[in-house]
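Colleague: The structure file model09.cif (mmCIF, C-alpha atoms) is provided below.
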data_coords
#
loop_
_atom_site.label_atom_id
_atom_site.label_comp_id
_atom_site.auth_asym_id
_atom_site.auth_seq_id
_atom_site.Cartn_x
_atom_site.Cartn_y
_atom_site.Cartn_z
CA MET A 1 17.19 98.05 -65.27
CA ASN A 2 18.66 98.91 -68.69
CA ILE A 3 20.97 101.93 -68.40
CA LEU A 4 22.69 103.52 -71.37
CA TYR A 5 25.84 105.67 -71.20
CA ASN A 6 25.57 108.59 -73.63
CA ASN A 7 28.89 110.28 -74.45
CA SER A 8 27.82 111.71 -77.81
CA ILE A 9 27.05 115.25 -76.65
CA CYS A 10 30.25 116.17 -74.89
CA ASN A 11 33.61 115.36 -76.42
CA SER A 12 35.36 117.26 -73.63
CA SER A 13 36.03 120.92 -72.98
CA ILE A 14 38.95 120.29 -70.62
CA LEU A 15 40.92 123.09 -72.25
CA GLY A 16 37.95 125.44 -72.31
CA PHE A 17 36.81 124.78 -75.88
CA TYR A 18 33.19 123.81 -76.52
CA PRO A 19 32.49 121.29 -79.28
CA LYS A 20 31.22 122.86 -82.48
CA PHE A 21 28.48 120.89 -84.22
CA THR A 22 26.89 121.52 -87.58
CA LYS A 23 23.09 121.72 -87.72
CA ASP A 24 22.97 118.21 -89.14
CA GLN A 25 25.22 116.87 -86.36
CA GLU A 26 22.98 118.48 -83.74
CA GLN A 27 19.91 116.86 -85.26
CA GLN A 28 21.61 113.46 -85.36
CA ILE A 29 22.56 113.76 -81.69
CA LEU A 30 18.97 114.66 -80.75
CA ALA A 31 17.50 111.91 -82.93
CA THR A 32 19.72 109.34 -81.24
CA PHE A 33 18.80 110.78 -77.84
CA PHE A 34 15.10 110.42 -78.71
CA GLU A 35 15.65 106.79 -79.73
CA GLN A 36 17.57 106.05 -76.52
CA LEU A 37 14.79 107.48 -74.36
CA ILE A 38 12.36 105.00 -75.92
CA LEU A 39 14.61 101.94 -75.76
CA PHE A 40 16.30 102.26 -72.35
CA ASP A 41 15.07 102.81 -68.81
CA ASN A 42 17.67 105.44 -67.94
CA ILE A 43 20.35 107.42 -69.78
CA VAL A 44 23.52 108.54 -68.02
CA ILE A 45 24.84 111.57 -69.89
CA SER A 46 28.57 112.13 -69.72
CA THR A 47 29.60 115.72 -69.19
CA ASP A 48 32.76 117.69 -68.45
CA LYS A 49 33.97 120.36 -66.06
CA ASP A 50 32.15 123.11 -67.98
CA ASN A 51 28.98 121.00 -68.36
CA PHE A 52 28.56 121.38 -72.09
CA SER A 53 26.06 118.48 -72.14
CA LEU A 54 23.52 120.30 -69.96
CA ILE A 55 24.09 123.53 -71.89
CA PHE A 56 23.42 121.72 -75.16
CA LEU A 57 20.23 120.02 -73.93
CA ILE A 58 18.74 123.21 -72.49
CA SER A 59 19.65 125.16 -75.66
CA LYS A 60 18.00 122.62 -77.97
CA LEU A 61 15.10 121.26 -75.91
CA GLY A 62 14.27 124.10 -73.51
CA LEU A 63 14.70 124.23 -69.76
CA GLU A 64 11.18 122.93 -69.00
CA THR A 65 11.65 119.73 -71.02
CA VAL A 66 15.13 119.06 -69.62
CA GLU A 67 13.91 119.62 -66.06
CA ARG A 68 11.02 117.23 -66.63
CA LEU A 69 13.34 114.56 -68.07
CA ILE A 70 15.47 114.84 -64.93
CA ARG A 71 12.48 114.92 -62.58
CA SER A 72 11.02 111.82 -64.24
CA GLY A 73 14.29 109.97 -63.69
CA TYR A 74 14.84 109.38 -67.42
CA ILE A 75 18.25 111.06 -67.53
CA LYS A 76 21.15 111.42 -65.10
CA PHE A 77 24.53 113.11 -65.41
CA SER A 78 28.10 112.07 -64.72
CA ILE A 79 31.17 114.32 -64.65
CA LYS A 80 34.07 112.41 -66.15
CA SER A 81 36.75 113.02 -63.54
CA ALA A 82 39.57 111.25 -65.36
CA ILE A 83 41.61 113.28 -67.86
CA ILE A 84 44.00 112.13 -70.57
CA VAL A 85 45.81 114.87 -72.50
CA THR A 86 48.67 115.32 -74.94
CA GLY A 87 50.94 118.20 -75.87
CA THR A 88 50.30 119.96 -79.18
CA GLY A 89 53.49 122.00 -79.51
CA ARG A 90 54.27 125.68 -78.97
CA ARG A 91 52.69 128.37 -81.10
CA ARG A 92 55.25 130.71 -82.70
CA GLU A 93 54.69 134.44 -83.17
CA ASP A 94 53.92 133.88 -86.84
CA GLY A 95 51.12 131.42 -85.92
CA SER A 96 52.99 128.27 -86.89
CA ILE A 97 53.47 125.38 -84.44
CA ASP A 98 56.86 124.40 -83.08
CA GLU A 99 56.57 120.63 -82.70
CA SER A 100 60.09 120.15 -81.39
CA VAL A 101 59.05 120.77 -77.77
CA ILE A 102 56.76 117.72 -77.68
CA TYR A 103 59.66 115.28 -77.99
CA SER A 104 60.74 116.07 -74.44
CA GLN A 105 57.26 115.18 -73.17
CA PRO A 106 55.40 111.84 -72.74
CA PRO A 107 52.92 111.30 -75.61
CA ILE A 108 49.92 111.17 -73.24
CA VAL A 109 49.45 112.03 -69.57
CA GLY A 110 46.63 110.91 -67.25
CA GLY A 111 45.18 113.01 -64.47
CA VAL A 112 42.01 113.91 -62.63
CA LEU A 113 39.79 116.94 -62.10
CA GLY A 114 40.00 118.77 -58.78
CA ASP A 115 37.49 118.22 -56.00
CA GLU A 116 35.77 121.56 -56.62
CA GLU A 117 35.26 120.80 -60.31
CA LEU A 118 33.62 117.48 -59.41
CA LYS A 119 30.92 119.05 -57.24
CA PRO A 120 27.52 118.68 -58.98
CA GLU A 121 26.31 122.08 -57.73
CA ARG A 122 29.30 123.86 -59.26
CA ASN A 123 28.91 121.89 -62.50
CA ILE A 124 25.22 122.78 -62.79
CA LEU A 125 25.90 126.44 -61.98
CA LYS A 126 28.40 126.61 -64.86
CA ALA A 127 25.68 125.49 -67.26
CA LEU A 128 22.79 127.56 -65.89
CA SER A 129 24.94 130.71 -65.82
CA ARG A 130 24.88 130.65 -69.61
CA PHE A 131 21.13 131.36 -69.58
CA ASP A 132 19.00 134.28 -68.47
CA ILE A 133 17.72 132.75 -65.25
CA ASP A 134 17.22 134.77 -62.07
CA LYS A 135 19.29 133.77 -59.05
CA LYS A 136 16.37 132.42 -56.97
CA THR A 137 15.11 130.19 -59.79
CA ARG A 138 18.65 129.12 -60.61
CA ASN A 139 19.35 128.01 -57.04
CA LYS A 140 16.10 126.02 -56.95
CA LEU A 141 17.08 124.31 -60.20
CA ILE A 142 20.51 123.44 -58.83
CA ASP A 143 18.87 121.76 -55.82
CA LYS A 144 16.55 119.81 -58.14
CA ILE A 145 19.22 118.71 -60.62
CA ALA A 146 22.09 117.87 -58.23
CA PRO A 147 20.57 114.53 -57.02
CA SER A 148 20.62 113.28 -60.63
CA TYR A 149 24.45 113.24 -60.67
CA LEU A 150 26.26 109.90 -60.44
CA SER A 151 29.88 109.09 -59.70
CA THR A 152 30.92 106.65 -62.41
CA ASP A 153 34.74 106.62 -62.36
CA ASN A 154 37.51 106.83 -59.80
CA MET A 155 40.54 109.01 -59.29
CA LYS A 156 43.04 106.52 -60.69
CA ILE A 157 41.35 105.41 -63.88
CA GLY A 158 42.90 108.13 -66.07
CA VAL A 159 46.42 107.34 -64.90
CA ASP A 160 45.81 103.58 -65.06
CA THR A 161 44.44 103.84 -68.60
CA THR A 162 47.43 105.93 -69.70
CA ASP A 163 49.86 103.36 -68.29
CA PHE A 164 47.89 100.55 -69.91
CA ILE A 165 47.94 102.18 -73.35
CA LEU A 166 51.66 103.03 -73.21
CA ASN A 167 52.51 99.49 -72.10
CA SER A 168 50.34 98.10 -74.89
CA TYR A 169 52.17 100.29 -77.41
CA GLU A 170 55.61 99.23 -76.17
CA ASN A 171 54.58 95.57 -76.40
CA ASN A 172 53.35 96.12 -79.98
CA HIS A 173 49.75 95.28 -79.05
CA LEU A 174 48.48 98.32 -80.94
CA GLU A 175 49.86 97.32 -84.33
CA GLN A 176 46.44 96.29 -85.70
CA LEU A 177 45.08 99.65 -84.58
CA GLY A 178 47.62 101.51 -86.70
CA LEU A 179 50.22 102.14 -84.01
CA PRO A 180 53.05 99.61 -84.42
CA PHE A 181 55.96 99.87 -81.99
CA THR A 182 58.64 101.35 -84.24
CA LYS A 183 60.01 104.10 -82.00
CA ASP A 184 60.19 105.23 -78.40
CA PRO A 185 56.85 106.67 -77.17
CA ASN A 186 58.46 110.10 -76.64
CA ASP A 187 59.47 110.13 -80.32
CA LEU A 188 55.89 109.86 -81.62
CA ASN A 189 54.90 112.82 -83.80
CA LEU A 190 51.77 114.95 -83.39
CA GLU A 191 49.58 112.75 -85.60
CA GLU A 192 50.68 109.56 -83.84
CA ARG A 193 50.15 111.16 -80.43
CA GLY A 194 46.67 112.20 -81.50
CA ARG A 195 45.81 108.62 -82.47
CA LEU A 196 47.22 107.37 -79.17
CA LEU A 197 45.12 109.96 -77.31
CA ASP A 198 41.92 108.96 -79.15
CA LEU A 199 42.57 105.32 -78.38
CA ALA A 200 43.27 106.07 -74.71
CA ASN A 201 40.06 108.08 -74.34
CA SER A 202 38.06 105.28 -75.99
CA ILE A 203 39.55 102.73 -73.60
CA LEU A 204 38.90 105.10 -70.69
CA GLU A 205 35.22 105.43 -71.56
CA ALA A 206 34.91 101.70 -72.20
CA GLY A 207 36.35 101.11 -68.74
CA ILE A 208 33.79 103.46 -67.16
CA ILE A 209 30.96 101.72 -69.00
CA ALA A 210 32.16 98.24 -68.08
CA LYS A 211 32.75 99.15 -64.42
CA ASN A 212 29.18 100.40 -64.03
CA GLY A 213 27.42 97.75 -66.10
CA PHE A 214 26.09 100.28 -68.61
CA LYS A 215 25.11 99.74 -72.22
CA SER A 216 26.75 101.74 -75.01
CA TYR A 217 26.14 102.73 -78.63
CA ASN A 218 29.91 102.51 -79.21
CA ASN A 219 31.39 99.26 -80.48
CA TYR A 220 34.49 98.40 -78.48
CA GLY A 221 34.94 95.04 -80.22
CA GLU A 222 38.10 96.26 -81.98
CA PHE A 223 40.01 96.50 -78.72
CA GLU A 224 41.36 92.97 -78.52
CA ILE A 225 43.96 94.25 -76.05
CA ALA A 226 41.18 94.62 -73.48
CA GLU A 227 38.58 92.18 -74.75
CA LYS A 228 38.11 90.40 -71.42
CA SER A 229 37.71 93.67 -69.55
CA PHE A 230 34.96 94.94 -71.83
CA GLU A 231 33.03 91.79 -72.70
CA ASN A 232 30.21 92.74 -70.30
CA ILE A 233 29.50 96.06 -72.01
CA GLY A 234 25.92 96.03 -73.26
CA LYS A 235 25.79 96.27 -77.04
CA ALA A 236 23.11 98.96 -77.34
CA TYR A 237 23.98 99.54 -81.01
CA ASN A 238 22.61 96.05 -81.73
CA ILE A 239 19.37 96.91 -79.96
CA SER A 240 19.00 100.04 -82.10
CA THR A 241 19.59 98.10 -85.32
CA ASN A 242 17.20 95.32 -84.33
CA VAL A 243 14.38 97.72 -83.44
CA SER A 244 14.83 99.32 -86.86
CA GLU A 245 14.38 95.89 -88.46
CA ILE A 246 11.20 95.26 -86.45
CA LEU A 247 9.79 98.63 -87.52
CA LYS A 248 10.68 97.80 -91.12
CA ILE A 249 8.45 94.71 -90.85
CA GLU A 250 5.70 97.04 -89.60
CA ASN A 251 6.27 99.37 -92.58
CA THR A 252 7.41 102.12 -90.21
CA PRO A 253 10.58 104.28 -90.33
CA ASP A 254 13.21 103.72 -87.67
CA LEU A 255 13.05 105.82 -84.49
CA ARG A 256 15.79 108.25 -85.46
CA GLN A 257 14.24 108.88 -88.87
CA ILE A 258 10.85 109.44 -87.26
CA TYR A 259 12.42 112.21 -85.18
CA LEU A 260 14.31 113.69 -88.14
CA ASN A 261 11.02 113.70 -90.11
CA ASN A 262 9.51 115.86 -87.31
CA GLN A 263 6.91 113.17 -86.65
CA PHE A 264 7.73 113.24 -82.95
CA GLU A 265 9.65 115.62 -80.70
CA VAL A 266 11.57 114.83 -77.53
CA GLU A 267 8.62 116.24 -75.54
CA ASP A 268 6.51 113.33 -76.87
CA ILE A 269 8.68 110.94 -74.85
CA PHE A 270 6.54 111.57 -71.77
CA LYS A 271 3.60 110.03 -73.62
CA LEU A 272 5.45 107.35 -75.58
CA ARG A 273 7.15 105.92 -72.50
CA HIS A 274 3.75 105.41 -70.88
CA LEU A 275 1.98 103.71 -73.75
CA LYS A 276 0.56 100.27 -73.02
CA THR A 277 3.38 97.72 -72.54
CA ALA A 278 6.15 100.31 -73.12
CA LYS A 279 8.04 99.04 -70.08
CA TYR A 280 7.62 95.44 -71.24
CA PHE A 281 8.85 96.35 -74.72
CA ARG A 282 12.02 97.93 -73.31
CA LYS A 283 12.65 94.85 -71.19
CA TRP A 284 11.97 92.46 -74.08
CA ILE A 285 14.15 94.20 -76.68
CA ASN A 286 17.03 94.60 -74.22
CA GLU A 287 16.88 90.88 -73.47
CA VAL A 288 16.63 89.55 -77.03
CA GLY A 289 18.14 92.39 -79.06
CA GLU A 290 21.55 92.94 -77.54
CA ASN A 291 23.47 89.92 -78.81
CA ALA A 292 21.18 88.47 -81.48
CA ASN A 293 21.34 89.50 -85.13
CA SER A 294 18.39 91.16 -86.84
CA ALA A 295 17.12 87.92 -88.39
CA GLU A 296 16.95 86.25 -84.97
CA VAL A 297 15.24 89.23 -83.35
CA THR A 298 12.60 89.59 -86.05
CA GLU A 299 12.00 85.85 -85.79
CA ALA A 300 11.52 86.24 -82.02
CA TYR A 301 9.16 89.18 -82.61
CA LEU A 302 7.05 87.20 -85.08
CA ALA A 303 7.09 84.19 -82.76
CA GLU A 304 5.62 86.34 -79.97
CA ILE A 305 2.79 87.39 -82.28
CA LYS A 306 2.19 83.81 -83.37
CA GLU A 307 2.15 82.62 -79.76
CA ALA A 308 -0.47 85.22 -78.85
CA LYS A 309 -2.68 84.41 -81.84
CA SER A 310 -2.47 80.66 -81.30
CA PHE A 311 -3.30 80.83 -77.60
CA PHE A 312 -6.83 79.48 -78.04
CA ASN A 313 -5.45 76.41 -79.81
CA THR A 314 -3.74 75.32 -76.61
CA THR A 315 -5.44 73.16 -74.01
CA LYS A 316 -5.62 76.03 -71.56
CA GLY A 317 -6.89 78.37 -74.28
CA LYS A 318 -9.64 75.95 -75.35
CA ILE A 319 -10.83 75.58 -71.77
CA ILE A 320 -11.05 79.35 -71.36
CA LYS A 321 -12.73 79.75 -74.74
CA ASN A 322 -15.37 77.13 -73.98
CA THR A 323 -15.91 78.51 -70.49
CA LEU A 324 -16.52 82.00 -71.86
CA MET A 325 -18.83 80.84 -74.65
CA TYR A 326 -20.91 78.32 -72.75
CA GLY A 327 -21.11 79.74 -69.25
CA ALA A 328 -18.38 81.22 -67.11
CA THR A 329 -18.09 80.41 -63.42
CA SER A 330 -16.05 81.79 -60.56
CA GLY A 331 -13.36 79.28 -61.50
CA LEU A 332 -12.47 81.19 -64.68
CA GLY A 333 -10.21 83.61 -62.84
CA LEU A 334 -8.29 80.71 -61.33
CA LEU A 335 -7.90 79.09 -64.74
CA ILE A 336 -6.44 82.28 -66.21
CA ALA A 337 -4.27 83.72 -63.49
CA GLY A 338 -4.35 81.86 -60.23
CA GLN A 339 -5.88 84.04 -57.53
CA ILE A 340 -6.23 87.14 -59.70
CA GLY A 341 -9.71 86.47 -61.03
CA ALA A 342 -11.38 87.83 -64.14
CA LEU A 343 -11.31 91.36 -65.56
CA VAL A 344 -14.81 92.84 -65.66
CA GLY A 345 -15.44 96.49 -66.39
CA GLY A 346 -11.83 97.33 -65.68
CA VAL A 347 -12.02 95.75 -62.21
CA ILE A 348 -10.55 92.36 -61.33
CA LYS A 349 -13.13 90.22 -59.49
CA PRO A 350 -14.50 86.68 -59.49
CA ILE A 351 -17.12 85.80 -62.09
CA VAL A 352 -20.22 84.52 -60.34
CA GLU A 353 -22.81 84.73 -63.09
CA PRO A 354 -22.90 82.72 -66.36
CA ALA A 355 -21.39 84.67 -69.26
CA VAL A 356 -23.57 83.46 -72.11
CA ASP A 357 -23.92 84.89 -75.62
CA TYR A 358 -20.78 86.99 -75.37
CA GLY A 359 -19.40 85.65 -78.64
CA LEU A 360 -15.90 85.79 -80.09
CA GLY A 361 -15.74 89.58 -80.14
CA LEU A 362 -15.53 89.70 -76.38
CA ILE A 363 -13.09 86.79 -76.35
CA GLU A 364 -10.73 88.61 -78.72
CA GLU A 365 -10.97 91.82 -76.71
CA PHE A 366 -10.37 89.89 -73.50
CA THR A 367 -7.38 88.19 -75.08
CA VAL A 368 -5.67 91.37 -76.23
CA ASP A 369 -6.50 93.63 -73.30
CA GLY A 370 -6.38 91.03 -70.55
CA LEU A 371 -4.43 87.86 -71.11
CA PHE A 372 -1.70 89.38 -73.26
CA ALA A 373 -1.40 92.83 -71.74
CA GLY A 374 2.33 93.26 -71.29
CA LYS A 375 3.06 89.91 -72.90
CA THR A 376 3.93 90.79 -76.46
CA PRO A 377 6.07 93.58 -77.98
CA LYS A 378 3.55 93.83 -80.82
CA ILE A 379 1.12 95.66 -78.54
CA TYR A 380 3.59 98.49 -77.94
CA ILE A 381 4.51 98.79 -81.62
CA ASP A 382 0.82 99.03 -82.53
CA LYS A 383 0.22 101.72 -79.91
CA PHE A 384 3.31 103.56 -81.16
CA LYS A 385 1.98 103.44 -84.73
CA ASP A 386 -1.38 104.75 -83.54
CA GLU A 387 0.38 107.77 -82.07
CA LEU A 388 2.16 108.33 -85.37
CA LYS A 389 -1.18 108.32 -87.19
CA GLN A 390 -2.65 110.78 -84.72
CA ASN A 391 0.25 113.09 -85.51
CA GLY A 392 -0.94 113.09 -89.10
CA THR A 393 1.73 110.77 -90.50
#
Here is a file; write its structure as structure tokens.
Modeller:
Amino acid sequence: MNILYNNSICNSSILGFYPKFTKDQEQQILATFFEQLILFDNIVISTDKDNFSLIFLISKLGLETVERLIRSGYIKFSIKSAIIVTGTGRRREDGSIDESVIYSQPPIVGGVLGDEELKPERNILKALSRFDIDKKTRNKLIDKIAPSYLSTDNMKIGVDTTDFILNSYENNHLEQLGLPFTKDPNDLNLEERGRLLDLANSILEAGIIAKNGFKSYNNYGEFEIAEKSFENIGKAYNISTNVSEILKIENTPDLRQIYLNNQFEVEDIFKLRHLKTAKYFRKWINEVGENANSAEVTEAYLAEIKEAKSFFNTTKGKIIKNTLMYGATSGLGLLIAGQIGALVGGVIKPIVEPAVDYGLGLIEEFTVDGLFAGKTPKIYIDKFKDELKQNGT
């Protein structure tokens, strides 16, 4: 199963501050979310102690859609228990910041949320309390949503990451990342501490993703200090780019642009994920699209089409073609798919009567809808394009 870790919605409200997005940023987040729902089997959404991620989704998509996404198993949630923080100085009465106090403090400190804050029911309640939902309905929703929560990190990872980053700094392993070891860690100024904090949080999230075998839209390739630890992180950003290249071949905008053009909404996911061969397409693109470049992936895509079209030039294809044209027997099913038999009227059963005068039209229909159902990504792309046309685009 291909599982993506989405940390784009919540950039932490540990200190009680909700992220503030512009309208354009909100649309980009939702467009990426739409794309991820098409390309991956499940999405694990990172959230914080105040559950801003669930608040955001309900606010933008509506409670009914979010509940259906959860009920369908498309999305799950994870409270990031590990915390890494830094001091920002003391505010003076005139509003200015006294930075002098930070130099008696470590530049970053790792910790963990309390047990109560890690309870899914409490986390969900914090989000639902922001909406006008009666208590009975709210409690039912909490019971429905709570099973979708996963535990993805452990109690020590925040502290371990902090120690790792500070040791890396002191050994000058962060020089290429703009943090050369030129002073004691406690002497780092506010800007330098901020960069150290950003780096630590990136490493923390990369560790969570690697530990759980998730895929990520973030590129952690710059972190040579932990290259071995993160080499198994799925490169979902490559999959996104490669699908865009395939759609370009098909003269179709990329998935995010389709959403931004209002050609589809997130609600359409429930239909798009059940189009013919959708599951096969997700499997195929996650296998070929993660590590290959766009040229290799488009070549693989075209090769799949060529293989399907040239099937009747193979020995097996010629036998089936001749059998269909000049008299099918009960052996046709065995020739095609072992014990499965032939597809007749939507029902799989042995052919016992000669199939004469069917012509190539039936053969082509049989090929597309029978032999190659679920065997080529082209089928899904074509069905996807059909849905676009039906939407008037």
Colleague: For A:Leu30, which residue out of A:Leu275, A:Leu63, A:Val85, A:Ile258 is the nearest one, using only C-alpha atoms?
Modeller: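 Closest to A:Leu30 of all the choices is A:Ile258.
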Colleague: Evaluate the PyMOL selection byres ((chain A and resi 33-41) around 8) here and jot the selected residues down as a PyMOL selection string.
Modeller: chain A and resi 1-4+29-32+42-43+74+240+255-256+259+265-266+269+272-273+282+285-286
Colleague: Spell out the residues picked by the PyMOL selection byres ((chain A and resi 179-187) around 7) here, as a CSV table (one decimal) with C-alpha atoms, in the frame of the given file.
Modeller:
chain,number,residue,atom,x,y,z
A,103,TYR,CA,59.7,115.3,-78.0
A,104,SER,CA,60.7,116.1,-74.4
A,105,GLN,CA,57.3,115.2,-73.2
A,106,PRO,CA,55.4,111.8,-72.7
A,107,PRO,CA,52.9,111.3,-75.6
A,169,TYR,CA,52.2,100.3,-77.4
A,170,GLU,CA,55.6,99.2,-76.2
A,172,ASN,CA,53.4,96.1,-80.0
A,174,LEU,CA,48.5,98.3,-80.9
A,175,GLU,CA,49.9,97.3,-84.3
A,177,LEU,CA,45.1,99.6,-84.6
A,178,GLY,CA,47.6,101.5,-86.7
A,188,LEU,CA,55.9,109.9,-81.6
A,189,ASN,CA,54.9,112.8,-83.8
Colleague: Can you give me, as a ChimeraX atom specification, the residues this file yields under the PyMOL selection byres ((chain A and resi 207) around 9)?
Modeller: /A:153,157,161,202-206,208-212,229-230
Colleague: Using all atoms listed in the file, determine which residues lie at most 12 Å from A:Arg122, disregarding the query and same-chain residues fewer than 5 positions distant; provide the list as a PyMOL selection string.
Modeller: chain A and resi 48-51+79+114-117+127-129+138-139+142-143+145-146+149
Colleague: Would you write out those residues with C-alpha atoms, as a PDB file, in the coordinates of the input?
Modeller:
ATOM      1  CA  ASP A  48      32.760 117.690 -68.450  1.00  0.00           C
ATOM      2  CA  LYS A  49      33.970 120.360 -66.060  1.00  0.00           C
ATOM      3  CA  ASP A  50      32.150 123.110 -67.980  1.00  0.00           C
ATOM      4  CA  ASN A  51      28.980 121.000 -68.360  1.00  0.00           C
ATOM      5  CA  ILE A  79      31.170 114.320 -64.650  1.00  0.00           C
ATOM      6  CA  GLY A 114      40.000 118.770 -58.780  1.00  0.00           C
ATOM      7  CA  ASP A 115      37.490 118.220 -56.000  1.00  0.00           C
ATOM      8  CA  GLU A 116      35.770 121.560 -56.620  1.00  0.00           C
ATOM      9  CA  GLU A 117      35.260 120.800 -60.310  1.00  0.00           C
ATOM     10  CA  ALA A 127      25.680 125.490 -67.260  1.00  0.00           C
ATOM     11  CA  LEU A 128      22.790 127.560 -65.890  1.00  0.00           C
ATOM     12  CA  SER A 129      24.940 130.710 -65.820  1.00  0.00           C
ATOM     13  CA  ARG A 138      18.650 129.120 -60.610  1.00  0.00           C
ATOM     14  CA  ASN A 139      19.350 128.010 -57.040  1.00  0.00           C
ATOM     15  CA  ILE A 142      20.510 123.440 -58.830  1.00  0.00           C
ATOM     16  CA  ASP A 143      18.870 121.760 -55.820  1.00  0.00           C
ATOM     17  CA  ILE A 145      19.220 118.710 -60.620  1.00  0.00           C
ATOM     18  CA  ALA A 146      22.090 117.870 -58.230  1.00  0.00           C
ATOM     19  CA  TYR A 149      24.450 113.240 -60.670  1.00  0.00           C
TER      20      TYR A 149
END
Colleague: Can you tell me, as a PyMOL selection string, what residues are no more than 10 Å from A:Glu387 when counting only C-alpha atoms, ignoring any on the same chain fewer than 3 positions away?
Modeller: chain A and resi 263-264+268+271-272+275+381-384+390-393
Colleague: With only C-alpha atoms as the atoms that count, which of A:Asp160, A:Asp134, A:Glu191, A:Glu93 lies nearest to A:Gly111?
Modeller: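 Smallest separation from A:Gly111 among the options: A:Asp160.
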Colleague: In terms of the shortest atom-to-atom distance over all atoms listed in the file, which of A:Ala200, A:Val44, A:Val101, A:Val243 is closest to A:Thr152?
Modeller: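 Counting all atoms listed in the file, the residue closest to A:Thr152 is A:Val44.
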Colleague: Using only C-alpha atoms for the distances, tell me which of A:Lys235, A:Lys144, A:Lys378, A:His173 is nearest to A:Leu247.
Modeller: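 With only C-alpha atoms as the atom set, the closest residue is A:Lys378.
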Colleague: Report the distance between atom CA of A:Lys385 and atom CA of A:Ala295 in Å, rounded to one decimal place.
Modeller: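 Distance reported for this atom pair: 22.0 Å.
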Colleague: Would you compute the distance between atom CA of A:Phe52 and atom CA of A:Lys126? Give it in Å to one decimal.
Modeller: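 Atom-to-atom, atom CA of A:Phe52 to atom CA of A:Lys126, that is 8.9 Å.
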Colleague: Could you tell me how far atom CA of A:Ala292 sits from atom CA of A:Gly234, in Å to one decimal place?
Modeller: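 Separation between atom CA of A:Gly234 and atom CA of A:Ala292: 12.1 Å.
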Colleague: Point out the residue among A:Leu260, A:Val109, A:Ile249, A:Ile379 with the least atom-to-atom distance to A:Thr277, counting all atoms listed in the file.
Modeller: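 Using all atoms listed in the file, A:Thr277 sits closest to A:Ile379.
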Colleague: Between A:Leu69, A:Ala300, A:Val159, A:Ile102, single out the one closest to A:Leu190, counting all atoms listed in the file.
Modeller: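 Result for the nearest residue to A:Leu190: A:Ile102.
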